[in-house]
Number of protein chains: 4
Amino acid sequence: MLKVGICGGSGYTGSELVRILLSHPGVRITVITSERSRGRRVGSLFPHFTGLTGLSYESLIPEKIVKKADFFFMALPHAASQEAVSFFYKSGKHVCDLSADYRLKDPRVYETWYGVRHEHRTVLKRSVYGLPELYRSRIRRARLVANPGCFPTGAILGIYPLAKKGIVDPDSFVIDSKSGTSGAGRKADSSLSFCEVNESFRAYAIATHRHTPEIEQEVSRVAGKPVMVDFTPHLLPVNRGILSTVYARLTGKYTTEELLTLYSKTFGKEPFVRVLDEGRFPDIRNVRGSNFCDVGLKVNERTGTVIVVTAIDNLVKGASGQAVQNMNIMMGFEETSGLNHTPALP
Amino acid sequence: MLKVGICGGSGYTGSELVRILLSHPGVRITVITSERSRGRRVGSLFPHFTGLTGLSYESLIPEKIVKKADFFFMALPHAASQEAVSFFYKSGKHVCDLSADYRLKDPRVYETWYGVRHEHRTVLKRSVYGLPELYRSRIRRARLVANPGCFPTGAILGIYPLAKKGIVDPDSFVIDSKSGTSGAGRKADSSLSFCEVNESFRAYAIATHRHTPEIEQEVSRVAGKPVMVDFTPHLLPVNRGILSTVYARLTGKYTTEELLTLYSKTFGKEPFVRVLDEGRFPDIRNVRGSNFCDVGLKVNERTGTVIVVTAIDNLVKGASGQAVQNMNIMMGFEETSGLNHTPALP
Amino acid sequence: MLKVGICGGSGYTGSELVRILLSHPGVRITVITSERSRGRRVGSLFPHFTGLTGLSYESLIPEKIVKKADFFFMALPHAASQEAVSFFYKSGKHVCDLSADYRLKDPRVYETWYGVRHEHRTVLKRSVYGLPELYRSRIRRARLVANPGCFPTGAILGIYPLAKKGIVDPDSFVIDSKSGTSGAGRKADSSLSFCEVNESFRAYAIATHRHTPEIEQEVSRVAGKPVMVDFTPHLLPVNRGILSTVYARLTGKYTTEELLTLYSKTFGKEPFVRVLDEGRFPDIRNVRGSNFCDVGLKVNERTGTVIVVTAIDNLVKGASGQAVQNMNIMMGFEETSGLNHTPALP
Amino acid sequence: MLKVGICGGSGYTGSELVRILLSHPGVRITVITSERSRGRRVGSLFPHFTGLTGLSYESLIPEKIVKKADFFFMALPHAASQEAVSFFYKSGKHVCDLSADYRLKDPRVYETWYGVRHEHRTVLKRSVYGLPELYRSRIRRARLVANPGCFPTGAILGIYPLAKKGIVDPDSFVIDSKSGTSGAGRKADSSLSFCEVNESFRAYAIATHRHTPEIEQEVSRVAGKPVMVDFTPHLLPVNRGILSTVYARLTGKYTTEELLTLYSKTFGKEPFVRVLDEGRFPDIRNVRGSNFCDVGLKVNERTGTVIVVTAIDNLVKGASGQAVQNMNIMMGFEETSGLNHTPALP
């Protein structure tokens with residue numbers, strides 16, 4: 001049994017890691033941290049775990065907990081993660097970092113968008129961007145994986161086949177994304193209170209969201225040239241799910257059928273990407289609680305635009321599920337271990 | 001034009017007072033207070049008011065604002081209201097207090113349930129409980145009205161005809177109430193965040209909710225003997241509305257039709273109580289945004305129990321609407337002035 | 001008092017017309033029709049109207065009801081409206097048609113998108129597209145107004161200043177819209193049941209929605225050349241509201257501030273368009289129940305794209321409210337009569 | 001591998017059976033029926049199953065499908081189930097019936113509440129009421145189990161320790177239940193459409209709901225005398241979950257702690273009942289997607305009433321999960337097989 005630690009376990013990604021790992025046959029959670037809830041039982045903070053785990057939160061003292069596990073999931077806030085990740089990595093542990101700290105390869109881009117310097121650049125160089133559909137073989141050999149952001153996961157998977165094939169104008173990407181409220185985390189913020197979100201819908205961080213450079217980094221790499229995108233997130237009055245509607249100008253004439261064939265070939269063997277039949281489009285509810293990314297698309301033959309729609313559960317494929325998928329790859333488990341959740345409808 | 005002040009205007013009852021008073025033909029808001037938002041425009045804190053009012057928040061300095069208005073709505077937290085209400089009252093102003101501070105006639109009961117002493121007992125003696133359907137003539141002569149709590153409003157209106165007529169066992173009242181989340185106020189509290197309330201439902205403050213003694217005070221008075229009730233509030237994943245399901249043992253044989261006739265007679269001339277036809281029951285959505293209290297009932301002839309269901313909008317008839325209704329009565333306006341909102345469905 | 005008839009009054013646009021007209025000081029509803037609910041009281045089908053109107057539904061027999069009113073709102077399904085509108089128009093009545101039948105000036109375009117022939121082309125020629133912000137003076141002289149679709153209203157108002165000024169590439173419009181579920185109408189359809197919509201989010205009618213040619217007609221006219229747009233509607237799990245996120249490539253360098261000035265100048269005197277300050281963006285909840293269209297925008301200086309966001313209540317500015325606004329203009333009422341609803345939050 | 005058939009597989013209980021059985025290690029679904037969807041793939045009707053099962057619906061021709069499986073789940077509408085259940089039972093198969101047809105032991109009571117005669121009384125005599133916490137040993141020996149209704153499951157589990165111990169007045173039970181909308185099934189009914197349920201809350205079938213005699217049958221048996229209860233269901237704007245608030249008059253003085261001890265002893269070894277610590281109460285979200293029944297309680301020492309609150313997922317412990325639990329018991333599987341779902345929050 002692999003001994004696993006979770007640093008930052010009192011948020012939604014932390015509790016979701018617990019949920020997934022409890023059903024993983026090869027893993028045991030040996031330590032979970034939270035400063036505010038230290039000493040408290042996990043089942044007391046999250047009553048849905050009542051009777052399912054005896055774990056209690058402890059303080060994140062790296063020197064103390066490093067011995068307790070061989071694999072660490074880091075679910076700390078951005079910037080706070082830099083130091084701790086570096087410590088565990090240098091101690092020889094395997095690490096999957098769910099923060100943004102090790103995703104952007106260029107530390108200047110990181111500094112521009114996150115407003116803090118990157119102090120661990122040699123470690124940063126060793127990190128692999130943890131999108132298995134693009135980087136599986138590198139993840140297999142990595143000891144540090146930077147788990148992708150929730151928006152980038154859905155956006156990049158939607159764009160990847162088009163950009164790789166080079167059949168769209170790379171300067172034309174419009175990514176209009178809509179996220180469930182758990183994407184904002186578990187916090188006391190009156191703008192996230194029930195009455196402020198329910199029966200509401202709004203865009204936020206227009207043209208300034210921090211996931212923009214992450215999408216651009218990966219799309220640029222695939223496109224083979226620097227690409228900038230228009231990315232607009234919106235807040236949905238649902239608990240979970242991200243739906244991204246991606247628009248791109250086709251450089252030639254293609255049918256919906258031809259592009260669906262391209263997508264099916266690209267993702268055919270992927271265990272967690274489901275390319276939908278022509279005429280079918282994703283709904284966030286169809287992936288809820290699961291690690292799936294559903295993809296549908298349509299060519300608008302009148303305008304020459306392709307519209308790709310992807311749906312993920314932001315807490316699973318967009319965070320904790322993908323983190324476990326990365327762990328499975330890094331540690332030689334079956335890639336789908338612990339991730340066989342069937343979405344529950346309605 | 002009556003000059004009106006709102007003390008504590010940055011919460012939901014405060015903003016709802018603004019909404020209602022903006023459409024009142026005989027009133028002008030001349031001052032509105034908020035400590036945290038002082039200096040800020042009302043339309044900036046509440047963007048739905050953009051372009052509708054030029055008001056800005058100021059600090060609640062009683063000596064300073066007392067001159068600015070002739071009628072004061074006090075929408076301050078419990079306990080915080082005591083002093084300010086007393087000041088405005090003693091300054092000769094008309095006051096409608098939306099807090100609980102002047103509702104309980106017995107200061108010991110107040111102290112037991114609210115944990116603070118009542119320091120203004122002579123003023124307390126002058127306050128009238130502001131449920132117009134029970135106390136209209138006294139409200140007309142009052143200079144201080146204690147606006148009822150949201151749960152008591154729905155519960156008492158449902159119980160009143162039964163208790164007055166003396167046809168149920170007064171010790172048998174079970175009041176099972178369900179409230180929309182705006183009843184908890186506008187605050188940063190992670191247990192009220194969207195993800196914690198949406199797709200959720202729970203009881204709270206079982207057998208200990210502070211609205212219990214308020215219900216008991218009024219039911220006891222009508223029943224002519226001390227009455228204790230079982231009252232359980234629940235939190236509904238909706239913005240607005242309280243539905244109360246009230247159970248009581250009938251002391252004789254009555255049909256649903258007979259009791260509906262009793263209710264219709266009791267409330268026949270009330271502008272804001274709608275007694276529904278046999279077979280019809282209230283839904284919170286039918287009163288949303290309005291000052292109506294809808295009432296339906298059914299006799300369970302198998303068990304001898306009468307089940308009464310009432311629905312109000314907790315922010316209107318349960319708070320700000322009823323406060324304006326009280327102001328209308330106190331100041332000689334048409335009782336329905338500013339309160340002609342038709343519920344908007346869906 | 002103007003005598004007003006509503007044909008097709010059992011849907012959401014019909015009930016919303018009732019709600020608005022009940023508060024209109026110059027109007028009396030003299031007839032309301034519904035085939036399925038004929039003989040039934042309006043307050044029985046829509047219990048929120050209990051006690052507010054004594055109206056009952058009757059059958060739509062044009063010859064019979066034509067005498068009962070001088071102004072007719074037609075809220076019938078597309079295609080079904082053609083004949084009835086023509087009849088009332090030819091009978092000398094004033095008509096506002098909420099269906100799509102008289103919006104598209106080119107009957108071939110109508111036939112292509114709606115699959116039926118237009119049989120009343122001479123009447124079609126007399127109809128004016130009822131977007132007051134673009135056509136106020138023509139509406140004033142019209143006897144037949146085609147009330148715009150819900151999506152086109154929000155989209156065109158967002159695009160209009162850009163297209164008129166000619167500062168964006170007219171072939172670059174991407175309109176990503178999200179609509180509350182009342183936009184689908186009031187019907188028994190399992191795909192619209194609570195459990196299928198709640199906690200769900202999906203795109204639909206991608207590249208094929210019938211509001212596309214309506215948007216294109218108006219944008220082409222303003223741009224002075226034929227324009228095609230990418231328009232994708234999505235279904236939001238809320239009752240009311242449409243938020244449209246519009247993307248367009250700027251042909252020169254402009255700041256957010258410059259474009260907001262352009263919008264403020266364009267809409268400065270409009271009673272129902274609110275251009276938001278820089279850094280502020282619309283939320284559907286801020287316009288709920290009201291006739292407002294809120295507009296915000298941002299220039300993405302990295303990509304040269306302008307992102308415009310508009311929010312309307314699909315049943316008010318997107319349907320019944322705009323219809324009453326058109327009636328007010330046509331019949332010489334104050335343009336805001338009956339439309340002074342302050343949004344109710346939360 | 002046990003071959004299992006699902007009759008009536010196109011509703012929510014049917015799809016939930018598929019979800020649960022797909023993760024059951026000892027079972028294979030060999031046939032699933034639906035008249036309306038026959039010939040259609042399960043993953044086409046329920047897109048969340050895309051890629052997870054190759055099953056297609058077929059017609060329910062008993063003679064034809066009886067050979068295909070050894071265990072049959074019957075998820076047909078009430079009355080429609082009688083004949084089919086009898087056929088499979090008489091063919092020597094094991095059957096778990098999710099309809100109400102074999103729950104009420106007295107066929108006259110069935111006829112009174114369901115309005116149809118029971119035509120298979122000898123088979124009815126063999127059926128066991130499938131609440132494992134009360135009837136585990138009889139279920140183990142049964143070949144026909146009548147799976148309890150959703151409301152009775154939560155209500156009876158809440159009442160059982162009190163009634164068995166005989167410490168409450170059995171004529172005082174008030175059961176105030178609130179159910180998510182999936183309890184109404186998957187159908188095209190405009191009163192269940194999103195806009196009619198969202199932001200709404202209402203009671204229904206007051207004093208007349210068909211689950212009443214089922215609760216009374218079981219409570220009477222435990223209490224050892226005929227008992228009638230007041231039971232009021234309400235419709236919650238959530239997908240899943242039933243919360244029942246049960247009130248009963250205590251016949252003596254008991255503390256909350258004493259009663260919690262009683263409940264813990266009664267349910268101590270139950271794998272799916274979680275008795276919560278003092279001061280904690282159930283929330284439907286904590287059991288969502290799982291087979292748990294959470295129970296909390298409080299004694300109101302002022303009134304002498306005990307208030308018990310239970311929460312279940314109406315589609316799992318209230319239907320398909322409990323059905324699989326019954327199958328596990330009947331067929332000798334581990335009782336929790338296929339039922340180890342951890343609730344997913346939020």
# chains A, B, ... in the order shown; residues from 1 in each chain; ligands from 1

call {"tool": "closest_atom_pairs", "arguments": {"of": "chain A", "to": "chain B", "cutoff": "7 Å", "atoms": "only C-alpha atoms", "output": "Markdown table"}}
result
| residue | atom | partner | partner_atom | distance |
| --- | --- | --- | --- | --- |
| A:Thr181 | CA | B:Cys195 | CA | 6.6 |
| A:Ser182 | CA | B:Cys195 | CA | 6.3 |
| A:Lys187 | CA | B:Ser190 | CA | 5.4 |
| A:Ala188 | CA | B:Ser190 | CA | 4.0 |
| A:Asp189 | CA | B:Ala188 | CA | 4.7 |
| A:Ser190 | CA | B:Ala188 | CA | 4.0 |
| A:Leu192 | CA | B:Ser193 | CA | 5.7 |
| A:Ser193 | CA | B:Ser193 | CA | 3.8 |
| A:Phe194 | CA | B:Phe194 | CA | 3.7 |
| A:Cys195 | CA | B:Asn239 | CA | 5.5 |
| A:Val197 | CA | B:Phe194 | CA | 6.4 |
| A:Asn239 | CA | B:Cys195 | CA | 5.5 |

call {"tool": "select_by_dssp", "arguments": {"residues": "range 51-296 of chain B", "states": "strand (DSSP E or B)", "output": "count of residues only"}}
result
48

call {"tool": "residues_around", "arguments": {"residues": "Gly39 in chain D", "least_positions_apart": "3", "cutoff": "10 Å", "atoms": "only C-alpha atoms", "output": "ChimeraX atom specification"}}
result
/D:33-36,42,55-59

call {"tool": "residues_around", "arguments": {"residues": "Thr50 in chain C", "least_positions_apart": "4", "cutoff": "9 Å", "atoms": "only C-alpha atoms", "output": "CSV table (one decimal) with all heavy atoms, in the first residue's frame"}}
result
chain,number,residue,atom,x,y,z
B,274,ARG,N,-54.4,35.9,1.9
B,274,ARG,CA,-55.2,35.3,0.9
B,274,ARG,C,-55.5,33.9,1.3
B,274,ARG,O,-54.6,33.0,1.4
B,274,ARG,CB,-54.5,35.2,-0.5
B,274,ARG,CG,-54.1,36.6,-1.0
B,274,ARG,CD,-53.6,36.6,-2.5
B,274,ARG,NE,-52.4,35.9,-2.7
B,274,ARG,CZ,-51.7,36.0,-3.9
B,274,ARG,NH1,-52.1,36.8,-4.9
B,274,ARG,NH2,-50.6,35.3,-4.0
B,276,LEU,N,-56.8,30.4,0.6
B,276,LEU,CA,-57.0,29.7,-0.7
B,276,LEU,C,-58.2,28.7,-0.6
B,276,LEU,O,-58.6,28.2,0.4
B,276,LEU,CB,-55.7,28.9,-1.0
B,276,LEU,CG,-54.4,29.7,-1.0
B,276,LEU,CD1,-53.2,28.8,-1.4
B,276,LEU,CD2,-54.5,30.9,-1.9
B,286,ASN,N,-45.6,31.8,-5.0
B,286,ASN,CA,-46.8,32.6,-5.4
B,286,ASN,C,-46.8,33.9,-4.6
B,286,ASN,O,-47.7,34.8,-4.8
B,286,ASN,CB,-48.0,31.8,-5.1
B,286,ASN,CG,-48.2,30.7,-6.1
B,286,ASN,OD1,-47.8,30.8,-7.2
B,286,ASN,ND2,-48.8,29.6,-5.7
C,42,VAL,N,-57.8,33.2,-14.8
C,42,VAL,CA,-56.3,33.4,-14.9
C,42,VAL,C,-55.7,33.1,-13.5
C,42,VAL,O,-54.6,32.5,-13.4
C,42,VAL,CB,-56.0,34.9,-15.3
C,42,VAL,CG1,-54.6,35.2,-15.2
C,42,VAL,CG2,-56.5,35.1,-16.7
C,43,GLY,N,-56.4,33.5,-12.4
C,43,GLY,CA,-55.8,33.3,-11.1
C,43,GLY,C,-55.9,31.8,-10.7
C,43,GLY,O,-55.3,31.5,-9.6
C,44,SER,N,-56.6,31.0,-11.4
C,44,SER,CA,-56.6,29.6,-11.1
C,44,SER,C,-55.4,28.9,-11.8
C,44,SER,O,-54.7,28.1,-11.2
C,44,SER,CB,-57.9,29.0,-11.6
C,44,SER,OG,-57.8,27.6,-11.8
C,46,PHE,N,-52.7,30.5,-12.8
C,46,PHE,CA,-51.5,31.2,-12.2
C,46,PHE,C,-51.8,31.7,-10.8
C,46,PHE,O,-52.2,32.8,-10.6
C,46,PHE,CB,-51.0,32.3,-13.1
C,46,PHE,CG,-50.5,32.0,-14.4
C,46,PHE,CD1,-51.2,32.2,-15.6
C,46,PHE,CD2,-49.2,31.3,-14.5
C,46,PHE,CE1,-50.7,31.9,-16.8
C,46,PHE,CE2,-48.7,31.0,-15.7
C,46,PHE,CZ,-49.4,31.2,-16.9
C,54,GLY,N,-59.9,39.3,-12.1
C,54,GLY,CA,-61.0,38.4,-12.3
C,54,GLY,C,-61.1,37.9,-13.7
C,54,GLY,O,-62.1,37.2,-14.0

call {"tool": "select_by_dssp", "arguments": {"residues": "range 19-64 of chain A", "states": "helix (DSSP H, G or I)", "output": "list in words"}}
result
Arg19, Ile20, Leu21, Leu22, Val42, Gly43, Ser44, Leu45, Pro47, His48, Phe49, Pro62, Glu63 and Lys64 of chain A

call {"tool": "decode", "arguments": {"residues": "range 51-115 of chain C", "atoms": "C-alpha atoms", "output": "PDB file, in the first residue's frame"}}
result
ATOM      1  CA  GLY C  51     -57.202  38.048  -5.835  1.00  0.00           C
ATOM      2  CA  LEU C  52     -55.521  40.354  -8.338  1.00  0.00           C
ATOM      3  CA  THR C  53     -57.617  39.831 -11.451  1.00  0.00           C
ATOM      4  CA  GLY C  54     -61.025  38.429 -12.270  1.00  0.00           C
ATOM      5  CA  LEU C  55     -60.101  37.665 -15.892  1.00  0.00           C
ATOM      6  CA  SER C  56     -60.923  34.297 -17.457  1.00  0.00           C
ATOM      7  CA  TYR C  57     -59.479  32.732 -20.581  1.00  0.00           C
ATOM      8  CA  GLU C  58     -61.562  32.449 -23.694  1.00  0.00           C
ATOM      9  CA  SER C  59     -61.070  30.854 -27.070  1.00  0.00           C
ATOM     10  CA  LEU C  60     -59.213  32.775 -29.772  1.00  0.00           C
ATOM     11  CA  ILE C  61     -62.023  33.394 -32.278  1.00  0.00           C
ATOM     12  CA  PRO C  62     -60.684  36.457 -34.099  1.00  0.00           C
ATOM     13  CA  GLU C  63     -64.039  37.668 -35.409  1.00  0.00           C
ATOM     14  CA  LYS C  64     -65.437  37.570 -31.908  1.00  0.00           C
ATOM     15  CA  ILE C  65     -62.686  39.130 -29.892  1.00  0.00           C
ATOM     16  CA  VAL C  66     -61.630  41.775 -32.385  1.00  0.00           C
ATOM     17  CA  LYS C  67     -64.312  44.099 -31.040  1.00  0.00           C
ATOM     18  CA  LYS C  68     -63.243  43.685 -27.473  1.00  0.00           C
ATOM     19  CA  ALA C  69     -59.969  45.559 -27.651  1.00  0.00           C
ATOM     20  CA  ASP C  70     -58.099  48.239 -29.554  1.00  0.00           C
ATOM     21  CA  PHE C  71     -54.611  46.921 -29.008  1.00  0.00           C
ATOM     22  CA  PHE C  72     -53.615  43.290 -29.316  1.00  0.00           C
ATOM     23  CA  PHE C  73     -50.588  41.511 -27.941  1.00  0.00           C
ATOM     24  CA  MET C  74     -50.042  38.294 -29.854  1.00  0.00           C
ATOM     25  CA  ALA C  75     -48.175  35.677 -27.789  1.00  0.00           C
ATOM     26  CA  LEU C  76     -48.859  32.716 -30.046  1.00  0.00           C
ATOM     27  CA  PRO C  77     -46.348  30.131 -31.277  1.00  0.00           C
ATOM     28  CA  HIS C  78     -44.376  30.905 -34.407  1.00  0.00           C
ATOM     29  CA  ALA C  79     -46.306  30.238 -37.626  1.00  0.00           C
ATOM     30  CA  ALA C  80     -49.609  30.179 -35.694  1.00  0.00           C
ATOM     31  CA  SER C  81     -49.315  33.931 -35.374  1.00  0.00           C
ATOM     32  CA  GLN C  82     -49.215  34.831 -39.087  1.00  0.00           C
ATOM     33  CA  GLU C  83     -52.914  34.619 -39.790  1.00  0.00           C
ATOM     34  CA  ALA C  84     -54.224  36.127 -36.567  1.00  0.00           C
ATOM     35  CA  VAL C  85     -51.861  39.088 -36.688  1.00  0.00           C
ATOM     36  CA  SER C  86     -52.862  39.781 -40.247  1.00  0.00           C
ATOM     37  CA  PHE C  87     -56.538  39.671 -39.310  1.00  0.00           C
ATOM     38  CA  PHE C  88     -56.256  42.117 -36.426  1.00  0.00           C
ATOM     39  CA  TYR C  89     -53.998  44.398 -38.415  1.00  0.00           C
ATOM     40  CA  LYS C  90     -56.388  44.480 -41.362  1.00  0.00           C
ATOM     41  CA  SER C  91     -59.231  45.162 -38.942  1.00  0.00           C
ATOM     42  CA  GLY C  92     -57.534  48.447 -38.135  1.00  0.00           C
ATOM     43  CA  LYS C  93     -56.212  47.446 -34.761  1.00  0.00           C
ATOM     44  CA  HIS C  94     -52.805  48.149 -33.303  1.00  0.00           C
ATOM     45  CA  VAL C  95     -50.814  44.952 -32.903  1.00  0.00           C
ATOM     46  CA  CYS C  96     -47.626  43.926 -31.175  1.00  0.00           C
ATOM     47  CA  ASP C  97     -46.612  40.422 -32.208  1.00  0.00           C
ATOM     48  CA  LEU C  98     -44.322  38.560 -29.822  1.00  0.00           C
ATOM     49  CA  SER C  99     -43.794  35.662 -32.237  1.00  0.00           C
ATOM     50  CA  ALA C 100     -41.075  35.561 -34.889  1.00  0.00           C
ATOM     51  CA  ASP C 101     -43.539  35.770 -37.784  1.00  0.00           C
ATOM     52  CA  TYR C 102     -43.112  39.419 -38.626  1.00  0.00           C
ATOM     53  CA  ARG C 103     -39.497  40.012 -37.637  1.00  0.00           C
ATOM     54  CA  LEU C 104     -37.593  38.836 -40.711  1.00  0.00           C
ATOM     55  CA  LYS C 105     -38.105  41.270 -43.564  1.00  0.00           C
ATOM     56  CA  ASP C 106     -37.108  38.747 -46.234  1.00  0.00           C
ATOM     57  CA  PRO C 107     -39.778  36.025 -46.432  1.00  0.00           C
ATOM     58  CA  ARG C 108     -37.279  33.627 -47.995  1.00  0.00           C
ATOM     59  CA  VAL C 109     -35.045  33.877 -44.955  1.00  0.00           C
ATOM     60  CA  TYR C 110     -38.128  33.265 -42.798  1.00  0.00           C
ATOM     61  CA  GLU C 111     -38.980  30.195 -44.835  1.00  0.00           C
ATOM     62  CA  THR C 112     -35.430  28.848 -44.662  1.00  0.00           C
ATOM     63  CA  TRP C 113     -35.167  29.082 -40.884  1.00  0.00           C
ATOM     64  CA  TYR C 114     -38.764  28.429 -39.829  1.00  0.00           C
ATOM     65  CA  GLY C 115     -39.734  25.895 -42.469  1.00  0.00           C
TER      66      GLY C 115
END
